[in-house]
$ cat input.cif   # mmCIF, C-alpha atoms and all ligand atoms
data_final
loop_
_atom_site.label_atom_id
_atom_site.label_comp_id
_atom_site.auth_asym_id
_atom_site.auth_seq_id
_atom_site.Cartn_x
_atom_site.Cartn_y
_atom_site.Cartn_z
CA MET A 13 79.31 104.70 118.56
CA GLU A 14 82.94 103.62 118.34
CA GLN A 15 83.45 100.16 119.89
CA VAL A 16 86.36 100.35 122.34
CA ASN A 17 88.61 97.32 122.23
CA TYR A 18 90.66 97.04 125.42
CA ASN A 19 92.58 93.99 124.31
CA ILE A 20 94.36 95.23 121.22
CA ILE A 21 97.51 93.49 120.07
CA THR A 22 100.12 96.08 119.25
CA LEU A 23 103.22 95.18 117.27
CA THR A 24 105.23 95.59 120.49
CA ARG A 25 103.00 93.06 122.30
CA PHE A 26 103.09 90.73 119.30
CA LEU A 27 106.90 90.79 119.17
CA THR A 28 107.21 90.25 122.94
CA GLU A 29 104.87 87.25 122.73
CA GLU A 30 106.80 85.85 119.75
CA GLN A 31 110.07 86.29 121.63
CA SER A 32 108.75 84.39 124.64
CA LYS A 33 107.99 81.39 122.38
CA HIS A 34 111.71 81.01 121.66
CA LYS A 35 113.71 80.04 124.74
CA GLU A 36 117.02 80.84 123.05
CA ALA A 37 115.88 84.35 121.99
CA THR A 38 118.15 87.16 123.19
CA GLY A 39 115.77 90.01 122.44
CA ASP A 40 118.06 91.32 119.70
CA PHE A 41 115.54 90.61 116.97
CA THR A 42 112.83 92.43 118.92
CA LEU A 43 115.09 95.47 119.29
CA LEU A 44 115.98 95.39 115.60
CA PHE A 45 112.28 95.27 114.79
CA HIS A 46 111.57 98.25 117.01
CA ALA A 47 114.07 100.23 114.96
CA LEU A 48 112.41 98.99 111.77
CA GLN A 49 108.95 100.03 112.88
CA PHE A 50 110.25 103.48 113.81
CA SER A 51 111.56 103.92 110.26
CA PHE A 52 108.18 102.79 108.85
CA LYS A 53 106.31 105.30 111.01
CA SER A 54 108.68 108.11 110.05
CA ILE A 55 108.48 107.32 106.32
CA ALA A 56 104.67 107.12 106.58
CA TYR A 57 104.65 110.53 108.29
CA TYR A 58 106.74 112.24 105.59
CA ILE A 59 104.75 110.63 102.77
CA ARG A 60 101.47 111.87 104.26
CA ARG A 61 102.86 115.40 104.43
CA ALA A 62 104.88 115.36 101.19
CA THR A 63 102.74 117.73 99.14
CA LEU A 64 102.49 120.19 102.03
CA ILE A 65 106.18 120.46 102.84
CA ASN A 66 107.64 120.44 99.32
CA LEU A 67 108.82 116.84 99.33
CA THR A 68 107.44 115.87 95.93
CA GLY A 69 109.64 115.68 92.85
CA LEU A 70 113.19 114.71 92.05
CA ALA A 71 116.23 114.99 94.28
CA GLY A 72 118.49 115.54 91.25
CA SER A 73 120.44 112.32 91.62
CA SER A 74 120.12 108.75 90.39
CA ASN A 75 120.54 105.45 92.23
CA THR A 76 122.50 102.27 91.51
CA THR A 77 120.03 101.00 88.94
CA GLY A 78 120.00 104.35 87.16
CA ASP A 79 116.53 105.42 88.40
CA ASP A 80 116.11 109.13 89.11
CA GLN A 81 115.84 109.50 92.87
CA LYS A 82 112.86 111.32 94.31
CA LYS A 83 113.35 113.55 97.36
CA LEU A 84 111.38 111.01 99.37
CA ASP A 85 113.60 108.15 98.15
CA VAL A 86 116.59 109.97 99.61
CA ILE A 87 114.86 110.92 102.89
CA SER A 88 113.45 107.43 103.43
CA ASN A 89 116.80 105.83 102.71
CA ASP A 90 118.50 108.11 105.27
CA LEU A 91 115.79 107.39 107.84
CA PHE A 92 116.19 103.68 107.29
CA ILE A 93 120.00 103.72 107.49
CA ASN A 94 119.95 105.74 110.72
CA ALA A 95 117.33 103.50 112.31
CA MET A 96 119.44 100.43 111.51
CA ARG A 97 122.66 102.07 112.72
CA SER A 98 121.17 103.25 116.00
CA SER A 99 119.58 99.85 116.74
CA GLY A 100 123.07 98.43 117.31
CA LYS A 101 121.66 95.10 116.11
CA CYS A 102 122.31 95.42 112.39
CA ALA A 103 125.80 94.55 111.13
CA LEU A 104 125.20 95.41 107.51
CA LEU A 105 122.55 96.88 105.26
CA VAL A 106 121.80 96.62 101.56
CA SER A 107 119.51 99.35 100.23
CA GLU A 108 118.16 99.84 96.74
CA GLU A 109 119.38 103.42 97.00
CA GLU A 110 123.00 102.52 97.88
CA GLU A 111 125.50 101.09 95.43
CA ASN A 112 127.51 99.25 98.07
CA VAL A 113 126.82 97.32 101.27
CA ILE A 114 126.78 99.62 104.33
CA TYR A 115 128.68 98.16 107.29
CA PHE A 116 127.91 99.36 110.81
CA LYS A 117 131.33 98.77 112.35
CA ASP A 118 130.30 100.14 115.74
CA ALA A 119 127.65 97.45 116.11
CA THR A 120 130.17 94.87 117.29
CA GLN A 121 127.53 92.57 118.83
CA ALA A 122 125.13 92.78 115.87
CA ARG A 123 123.89 89.44 114.53
CA TYR A 124 121.68 90.59 111.65
CA ALA A 125 121.98 91.68 108.02
CA VAL A 126 119.13 93.64 106.48
CA ALA A 127 118.12 94.35 102.86
CA CYS A 128 115.56 97.02 102.04
CA ASP A 129 113.83 99.00 99.38
CA PRO A 130 113.01 102.15 101.40
CA ILE A 131 110.34 103.32 98.95
CA ASP A 132 109.04 100.80 96.49
CA GLY A 133 106.84 102.23 93.75
CA SER A 134 108.51 105.67 93.71
CA SER A 135 107.08 106.45 90.27
CA ASN A 136 103.67 106.67 91.99
CA LEU A 137 104.79 108.99 94.80
CA ASP A 138 103.86 112.39 93.40
CA ALA A 139 100.38 111.18 92.46
CA GLY A 140 99.67 110.10 96.03
CA VAL A 141 99.28 106.46 94.95
CA SER A 142 100.29 103.83 97.52
CA VAL A 143 103.99 103.07 97.90
CA GLY A 144 105.77 101.08 100.60
CA THR A 145 108.95 99.73 102.16
CA ILE A 146 110.16 96.15 101.64
CA PHE A 147 112.60 94.49 104.05
CA ALA A 148 114.39 91.17 104.44
CA ILE A 149 116.36 90.03 107.49
CA HIS A 150 119.17 87.48 107.49
CA LYS A 151 121.23 86.23 110.40
CA LEU A 152 125.03 86.42 110.18
CA ALA A 153 126.91 83.14 109.85
CA GLU A 154 128.32 81.85 113.14
CA GLY A 155 131.43 83.86 114.00
CA SER A 156 131.01 86.28 111.10
CA LYS A 157 131.50 89.99 111.67
CA GLY A 158 129.46 90.79 108.55
CA THR A 159 130.53 90.07 104.97
CA PRO A 160 128.65 90.22 101.64
CA GLU A 161 128.17 86.43 101.94
CA ASP A 162 125.96 87.06 104.96
CA ILE A 163 123.38 88.64 102.68
CA LEU A 164 124.02 86.96 99.29
CA LYS A 165 121.88 84.04 100.42
CA PRO A 166 118.72 82.46 99.07
CA GLY A 167 115.37 83.47 100.56
CA THR A 168 115.05 80.06 102.23
CA GLU A 169 117.61 81.35 104.75
CA LEU A 170 115.65 84.49 105.69
CA VAL A 171 114.72 84.80 109.36
CA ALA A 172 112.02 87.38 108.69
CA ALA A 173 110.65 89.54 105.89
CA GLY A 174 107.77 91.79 105.05
CA PHE A 175 106.66 95.12 103.71
CA THR A 176 104.64 98.19 104.46
CA MET A 177 102.13 99.91 102.24
CA TYR A 178 101.52 103.59 102.82
CA GLY A 179 97.98 103.95 101.51
CA ALA A 180 94.70 105.14 103.00
CA SER A 181 96.40 103.94 106.17
CA ALA A 182 99.85 102.47 106.73
CA GLN A 183 99.77 98.67 106.60
CA LEU A 184 102.59 96.41 107.79
CA VAL A 185 102.84 92.76 106.78
CA ILE A 186 105.42 90.56 108.51
CA THR A 187 106.40 86.92 108.52
CA MET A 188 109.09 84.90 110.23
CA LYS A 189 110.82 81.67 109.25
CA GLY A 190 108.30 78.84 109.30
CA GLY A 191 105.63 81.17 110.67
CA THR A 192 102.35 82.73 109.70
CA VAL A 193 101.82 86.07 107.97
CA ASN A 194 100.40 88.87 110.09
CA GLY A 195 99.08 92.27 109.03
CA PHE A 196 99.10 95.42 111.17
CA THR A 197 97.52 98.82 110.64
CA LEU A 198 99.13 102.00 111.95
CA ASP A 199 96.79 103.81 114.32
CA ASN A 200 97.99 107.39 113.99
CA GLY A 201 96.12 108.36 117.16
CA VAL A 202 98.21 106.17 119.44
CA GLY A 203 101.21 105.86 117.10
CA GLU A 204 101.19 102.06 117.17
CA PHE A 205 100.87 99.31 114.60
CA ILE A 206 97.82 97.22 115.62
CA LEU A 207 97.29 93.59 114.60
CA THR A 208 94.30 93.79 112.26
CA HIS A 209 94.95 90.85 109.90
CA PRO A 210 96.15 87.83 111.92
CA ASP A 211 97.27 84.73 110.03
CA MET A 212 96.73 86.05 106.51
CA ARG A 213 95.99 83.27 104.00
CA LEU A 214 95.72 83.81 100.26
CA PRO A 215 92.60 82.52 98.56
CA ARG A 216 93.55 79.35 96.66
CA LYS A 217 92.56 80.96 93.34
CA ARG A 218 91.08 84.19 92.02
CA ALA A 219 90.60 85.47 88.48
CA ILE A 220 92.70 88.65 88.79
CA TYR A 221 96.02 89.26 87.03
CA SER A 222 98.45 92.07 87.68
CA VAL A 223 101.20 92.78 85.15
CA ASN A 224 102.52 95.69 83.08
CA GLU A 225 101.03 94.69 79.71
CA GLY A 226 102.93 97.52 78.04
CA ASN A 227 105.87 95.10 78.03
CA SER A 228 103.96 92.32 76.23
CA LEU A 229 105.81 92.99 72.95
CA TYR A 230 108.97 91.74 74.65
CA TRP A 231 107.47 88.73 76.46
CA GLU A 232 108.58 85.19 75.68
CA ASP A 233 105.92 82.98 74.03
CA PRO A 234 104.81 81.00 77.13
CA VAL A 235 104.22 84.30 78.98
CA LYS A 236 102.24 85.73 76.04
CA GLU A 237 100.17 82.56 75.73
CA TYR A 238 99.50 82.41 79.46
CA PHE A 239 98.20 86.00 79.73
CA GLU A 240 96.24 85.60 76.47
CA SER A 241 94.51 82.56 77.98
CA LEU A 242 93.35 84.63 80.97
CA LYS A 243 91.51 86.98 78.63
CA GLN A 244 89.37 84.12 77.26
CA LEU A 245 86.10 82.91 78.77
CA GLN A 246 87.09 80.65 81.68
CA PRO A 247 85.49 77.17 81.79
CA GLU A 248 83.86 77.60 85.22
CA SER A 249 82.93 81.27 85.40
CA LYS A 250 82.33 81.85 81.67
CA LYS A 251 84.12 85.17 82.18
CA PRO A 252 87.65 86.36 81.48
CA TYR A 253 90.04 87.43 84.29
CA SER A 254 90.08 91.02 85.57
CA ALA A 255 93.24 93.12 85.19
CA ARG A 256 94.53 95.21 88.12
CA TYR A 257 97.93 96.92 87.97
CA ILE A 258 98.93 99.72 90.32
CA GLY A 259 102.62 99.79 89.45
CA SER A 260 103.74 99.66 93.10
CA MET A 261 104.70 96.09 93.91
CA VAL A 262 103.76 96.61 97.56
CA ALA A 263 100.22 97.68 96.66
CA ASP A 264 99.74 95.02 93.98
CA ALA A 265 101.11 92.43 96.40
CA TYR A 266 98.91 93.60 99.28
CA ARG A 267 95.77 93.35 97.15
CA THR A 268 96.84 89.93 95.87
CA LEU A 269 97.41 88.72 99.45
CA LEU A 270 93.92 89.79 100.46
CA TYR A 271 91.90 88.99 97.34
CA GLY A 272 94.05 86.37 95.61
CA GLY A 273 95.12 86.29 91.96
CA ILE A 274 98.55 86.62 90.40
CA PHE A 275 101.16 89.38 90.24
CA ALA A 276 103.94 89.12 87.68
CA TYR A 277 106.96 91.05 86.49
CA PRO A 278 108.39 88.60 83.97
CA ALA A 279 111.90 88.63 82.56
CA ASP A 280 111.59 89.48 78.85
CA LYS A 281 113.59 90.02 75.66
CA LYS A 282 114.38 93.61 76.67
CA SER A 283 115.23 92.78 80.31
CA PRO A 284 116.43 89.16 80.35
CA LYS A 285 116.97 89.33 84.12
CA GLY A 286 113.64 91.03 84.81
CA LYS A 287 113.23 94.33 86.64
CA LEU A 288 112.69 93.53 90.29
CA ARG A 289 115.60 93.01 92.64
CA ILE A 290 116.05 89.63 94.36
CA LEU A 291 117.33 90.66 97.79
CA TYR A 292 114.85 93.37 98.71
CA GLU A 293 111.90 92.83 96.36
CA CYS A 294 111.51 89.26 95.11
CA ALA A 295 112.79 87.14 98.04
CA PRO A 296 110.97 88.92 100.89
CA MET A 297 107.71 88.95 98.89
CA ALA A 298 108.17 85.26 98.04
CA MET A 299 108.56 84.45 101.75
CA VAL A 300 105.37 86.33 102.59
CA PHE A 301 103.44 84.63 99.77
CA GLU A 302 104.64 81.12 100.60
CA ASN A 303 103.94 81.53 104.31
CA ALA A 304 100.44 82.75 103.42
CA GLY A 305 99.78 79.57 101.38
CA GLY A 306 100.64 80.97 97.94
CA GLN A 307 103.60 80.45 95.63
CA ALA A 308 106.34 82.53 94.02
CA VAL A 309 108.55 81.47 91.11
CA ASN A 310 111.04 83.16 88.77
CA SER A 311 110.77 83.26 84.97
CA LYS A 312 112.34 79.79 84.72
CA MET A 313 109.50 78.61 87.01
CA GLU A 314 112.02 77.85 89.76
CA ARG A 315 111.03 78.46 93.37
CA MET A 316 111.86 82.13 94.00
CA LEU A 317 113.06 81.48 97.53
CA GLU A 318 115.78 79.14 96.28
CA VAL A 319 117.31 81.66 93.87
CA VAL A 320 120.78 82.74 95.02
CA PRO A 321 121.61 86.34 94.07
CA GLU A 322 125.04 86.80 92.49
CA THR A 323 125.31 90.47 93.37
CA ILE A 324 123.48 92.61 95.92
CA HIS A 325 121.35 94.35 93.27
CA ASP A 326 120.78 91.21 91.16
CA LYS A 327 117.36 91.03 89.45
CA SER A 328 114.86 88.33 88.60
CA GLY A 329 111.57 87.78 86.82
CA ILE A 330 108.77 86.90 89.24
CA PHE A 331 105.29 85.35 89.26
CA MET A 332 103.61 85.22 92.66
CA GLY A 333 100.13 84.76 93.99
CA SER A 334 97.43 82.23 94.78
CA TYR A 335 98.61 78.62 94.73
CA ASP A 336 96.45 77.52 91.78
CA GLU A 337 97.15 80.65 89.73
CA VAL A 338 100.91 80.02 89.93
CA GLU A 339 100.31 76.37 89.01
CA LYS A 340 98.55 77.61 85.88
CA VAL A 341 101.46 79.79 84.76
CA LYS A 342 103.83 76.87 85.40
CA SER A 343 101.73 74.63 83.15
CA PHE A 344 102.17 77.06 80.24
CA HIS A 345 105.94 76.79 80.63
CA LYS A 346 105.85 72.97 80.51
CA LYS A 347 104.12 72.84 77.14
P1 LIG A 401 111.13 101.06 92.36
O1 LIG A 401 111.68 100.25 93.51
O2 LIG A 401 112.19 101.89 91.71
O3 LIG A 401 109.93 101.84 92.72
O4 LIG A 401 110.72 100.01 91.19
C1 LIG A 401 109.97 98.89 91.51
C2 LIG A 401 108.57 99.03 90.98
C3 LIG A 401 107.63 98.04 91.60
O5 LIG A 401 107.00 98.57 92.73
C4 LIG A 401 106.62 97.81 90.51
O6 LIG A 401 106.05 96.53 90.58
C5 LIG A 401 107.41 98.00 89.27
O7 LIG A 401 108.56 98.74 89.61
C6 LIG A 401 106.65 98.75 88.23
O8 LIG A 401 107.42 98.86 87.09
P2 LIG A 401 106.80 99.37 85.70
O9 LIG A 401 106.62 100.83 85.84
O10 LIG A 401 107.85 98.99 84.70
O11 LIG A 401 105.51 98.63 85.47
MG MG A 402 111.37 98.78 94.44
#

$ encode --input "input.cif" --output "structure tokens"
Amino acid sequence: MEQVNYNIITLTRFLTEEQSKHKEATGDFTLLFHALQFSFKSIAYYIRRATLINLTGLAGSSNTTGDDQKKLDVISNDLFINAMRSSGKCALLVSEEEENVIYFKDATQARYAVACDPIDGSSNLDAGVSVGTIFAIHKLAEGSKGTPEDILKPGTELVAAGFTMYGASAQLVITMKGGTVNGFTLDNGVGEFILTHPDMRLPRKRAIYSVNEGNSLYWEDPVKEYFESLKQLQPESKKPYSARYIGSMVADAYRTLLYGGIFAYPADKKSPKGKLRILYECAPMAMVFENAGGQAVNSKMERMLEVVPETIHDKSGIFMGSYDEVEKVKSFHKK
């Protein structure tokens, strides 16, 4: 028989309790987050129904980075923009799907700047493989009405970040500055995100690597040597590492958070700046991984959270995962 839990922690309850811990809190962040969770629920709803209501396939346009946009990329982007606009708490938004910063001029009291990738892993959409939304929240500088400088900041300045993964169920992972990492699962019955993974901590090490090996021809030598070493018998286990690559960063990251291991999208000879975008892919993930006890570095082995993006769609190589696994990749770059 189903065990009834009368003391569930919904995202709403979680946010209210968090807010009460901060005496100076105005409630603006909580309201912004309510708007965010509405966009996650809506995107999850459309993704679940995509094949039934003709939402698979291309929209016939391409985005800033030249990727063909899927219908769901466009819908999710519009849902996200409208949720942020109507919250009244977001001064500006950077989206993977928008070339320029969007300013919400009507939100005169807004104190936050948000960056998002509305659907990460779009290439997996039509196959029903997990995709997700990544978000990063910055606070405007004192007195600022919202300028690009309010978002072109390193990840160390983020006030909150996280991602969703729309899979067998919709998962939401969030973290706040200096805080823990908490995972929620969307209960479709009651329409609420429920705290199911409190205080997520990455295992210190795990013999799993996640990388697109099709790019190995272009990798720099330390990267080649590092991944080659993982395929050898390991001293302790006498087994090589396992490879797992879904091709949706949100899904590869979610598995890595739970099981441990390493996820990488290195910069290489073909893409010297890497593929993944700093503001709404690398930095928010790095914040989640660090707050869960892991590490995240760029291809120069610098701390990912300290990288300052030059432009809103600036890219970086990234290695993130269990603490010891990232130490190992660093050691190959010191040789
Ligand atoms: P997207 O935001 O256009 O979906 O691109 C980002 C995705 C990541 O989710 C994933 O890690 C990576 O691109 C996969 O790239 P590749 O197909 O080159 O392996
Ligand atoms: Mg993406």

$ residues_near_ligand --input "input.cif" --ligand "ligand MG 402 (chain A)" --cutoff "6 Å" --atoms "only C-alpha atoms and all ligand atoms" --output "list in words"
Asp129, Asp132 and Gly133 of chain A

$ residues_around --input "input.cif" --residues "His209 in chain A" --least-positions-apart "3" --cutoff "9 Å" --atoms "all atoms listed in the file" --output "ChimeraX atom specification"
/A:185,193-197,212

$ closest_residue --input "input.cif" --among "A:Ser311, A:Val319, A:Leu288, A:Lys83" --to "Ala62 in chain A" --atoms "all atoms listed in the file"
A:Lys83

$ residues_near_ligand --input "input.cif" --ligand "ligand LIG 401 (chain A)" --cutoff "9 Å" --atoms "only C-alpha atoms and all ligand atoms" --output "JSON, numbers by chain"
{"A": [77, 79, 80, 81, 108, 129, 130, 131, 132, 133, 134, 135, 136, 143, 144, 223, 224, 225, 226, 227, 257, 258, 259, 260, 261, 262, 263, 264, 265, 275, 276, 277, 287, 288, 289, 293]}

$ write_last_selection --input "input.cif" --atoms "C-alpha atoms" --output "mmCIF file, in the frame of the given file"
data_model
loop_
_atom_site.group_PDB
_atom_site.id
_atom_site.type_symbol
_atom_site.label_atom_id
_atom_site.label_comp_id
_atom_site.auth_asym_id
_atom_site.auth_seq_id
_atom_site.Cartn_x
_atom_site.Cartn_y
_atom_site.Cartn_z
ATOM 1 C CA THR A 77 120.030 101.000 88.940
ATOM 2 C CA ASP A 79 116.530 105.420 88.400
ATOM 3 C CA ASP A 80 116.110 109.130 89.110
ATOM 4 C CA GLN A 81 115.840 109.500 92.870
ATOM 5 C CA GLU A 108 118.160 99.840 96.740
ATOM 6 C CA ASP A 129 113.830 99.000 99.380
ATOM 7 C CA PRO A 130 113.010 102.150 101.400
ATOM 8 C CA ILE A 131 110.340 103.320 98.950
ATOM 9 C CA ASP A 132 109.040 100.800 96.490
ATOM 10 C CA GLY A 133 106.840 102.230 93.750
ATOM 11 C CA SER A 134 108.510 105.670 93.710
ATOM 12 C CA SER A 135 107.080 106.450 90.270
ATOM 13 C CA ASN A 136 103.670 106.670 91.990
ATOM 14 C CA VAL A 143 103.990 103.070 97.900
ATOM 15 C CA GLY A 144 105.770 101.080 100.600
ATOM 16 C CA VAL A 223 101.200 92.780 85.150
ATOM 17 C CA ASN A 224 102.520 95.690 83.080
ATOM 18 C CA GLU A 225 101.030 94.690 79.710
ATOM 19 C CA GLY A 226 102.930 97.520 78.040
ATOM 20 C CA ASN A 227 105.870 95.100 78.030
ATOM 21 C CA TYR A 257 97.930 96.920 87.970
ATOM 22 C CA ILE A 258 98.930 99.720 90.320
ATOM 23 C CA GLY A 259 102.620 99.790 89.450
ATOM 24 C CA SER A 260 103.740 99.660 93.100
ATOM 25 C CA MET A 261 104.700 96.090 93.910
ATOM 26 C CA VAL A 262 103.760 96.610 97.560
ATOM 27 C CA ALA A 263 100.220 97.680 96.660
ATOM 28 C CA ASP A 264 99.740 95.020 93.980
ATOM 29 C CA ALA A 265 101.110 92.430 96.400
ATOM 30 C CA PHE A 275 101.160 89.380 90.240
ATOM 31 C CA ALA A 276 103.940 89.120 87.680
ATOM 32 C CA TYR A 277 106.960 91.050 86.490
ATOM 33 C CA LYS A 287 113.230 94.330 86.640
ATOM 34 C CA LEU A 288 112.690 93.530 90.290
ATOM 35 C CA ARG A 289 115.600 93.010 92.640
ATOM 36 C CA GLU A 293 111.900 92.830 96.360
#

$ closest_atom_pairs --input "input.cif" --of "range 91-167 of chain A" --to "range 39-61 of chain A" --cutoff "12 Å" --atoms "all atoms listed in the file" --output "CSV"
residue,atom,partner,partner_atom,distance
A:Leu91,CA,A:Ser51,CA,6.0
A:Phe92,CA,A:Ser51,CA,5.5
A:Ile93,CA,A:Ser51,CA,8.9
A:Asn94,CA,A:Ser51,CA,8.6
A:Ala95,CA,A:Ala47,CA,5.3
A:Met96,CA,A:Ala47,CA,6.4
A:Arg97,CA,A:Ala47,CA,9.1
A:Ser98,CA,A:Ala47,CA,7.8
A:Ser99,CA,A:Ala47,CA,5.8
A:Gly100,CA,A:Leu44,CA,7.9
A:Lys101,CA,A:Leu44,CA,5.7
A:Cys102,CA,A:Leu44,CA,7.1
A:Ala103,CA,A:Leu44,CA,10.8
A:Ala119,CA,A:Leu44,CA,11.9
A:Gln121,CA,A:Asp40,CA,9.6
A:Ala122,CA,A:Asp40,CA,8.2
A:Arg123,CA,A:Asp40,CA,8.0
A:Tyr124,CA,A:Phe41,CA,8.1
A:Ala125,CA,A:Leu44,CA,10.4
A:Val126,CA,A:Leu44,CA,9.8
A:Ala127,CA,A:Leu48,CA,11.6
A:Cys128,CA,A:Leu48,CA,10.4
A:Asp129,CA,A:Phe52,CA,11.7
A:Pro130,CA,A:Ile55,CA,8.5
A:Ile131,CA,A:Ile55,CA,8.6
A:Asp132,CA,A:Ile55,CA,11.8
A:Ser134,CA,A:Ile59,CA,11.0
A:Asn136,CA,A:Ile59,CA,11.5
A:Leu137,CA,A:Ile59,CA,8.1
A:Asp138,CA,A:Ile59,CA,9.6
A:Ala139,CA,A:Ile59,CA,11.2
A:Gly140,CA,A:Ile59,CA,8.5
A:Val141,CA,A:Ile59,CA,10.4
A:Ser142,CA,A:Ile59,CA,9.7
A:Val143,CA,A:Ile59,CA,9.0
A:Gly144,CA,A:Ala56,CA,8.6
A:Thr145,CA,A:Phe52,CA,7.4
A:Ile146,CA,A:Phe52,CA,10.0
A:Phe147,CA,A:Leu48,CA,8.9
A:Ala148,CA,A:Leu48,CA,10.9
A:Ile149,CA,A:Phe41,CA,9.5
A:His150,CA,A:Phe41,CA,10.6
A:Lys151,CA,A:Phe41,CA,9.7

$ atom_distance --input "input.cif" --atom1 "CA of Ile186 in chain A" --atom2 "CA of Tyr253 in chain A"
28.9 Å

$ atom_distance --input "input.cif" --atom1 "CA of Ile206 in chain A" --atom2 "CA of Tyr18 in chain A"
12.1 Å

$ atom_distance --input "input.cif" --atom1 "CA of Gly272 in chain A" --atom2 "CA of Leu229 in chain A"
26.4 Å

$ residues_around --input "input.cif" --residues "range 158-168 of chain A" --least-positions-apart "6" --cutoff "10 Å" --atoms "all atoms listed in the file" --output "ChimeraX atom specification"
/A:102-106,112-117,120,122-127,148-152,189-190,290-291,294-299,315-326

$ closest_residue --input "input.cif" --among "A:Thr268, A:Ser222, A:Thr208, A:Asn303" --to "Ala172 in chain A" --atoms "all atoms listed in the file"
A:Asn303

$ closest_residue --input "input.cif" --among "A:Glu204, A:Lys35, A:Thr28, A:Gly273" --to "Ala182 in chain A" --atoms "only C-alpha atoms"
A:Glu204

$ closest_residue --input "input.cif" --among "A:Thr22, A:Ser328, A:Asn66, A:Ser334" --to "Gly306 in chain A" --atoms "only C-alpha atoms"
A:Ser334

$ closest_residue --input "input.cif" --among "A:Thr24, A:Gln15, A:Ser107, A:Thr68" --to "Tyr292 in chain A" --atoms "all atoms listed in the file"
A:Ser107

$ axis_aligned_box --input "input.cif" --around "range 209-225 of chain A" --padding-each-side "6 Å" --output "JSON"
{"center_x": 96.6, "center_y": 87.5, "center_z": 95.8, "size_x": 23.9, "size_y": 28.3, "size_z": 44.2}
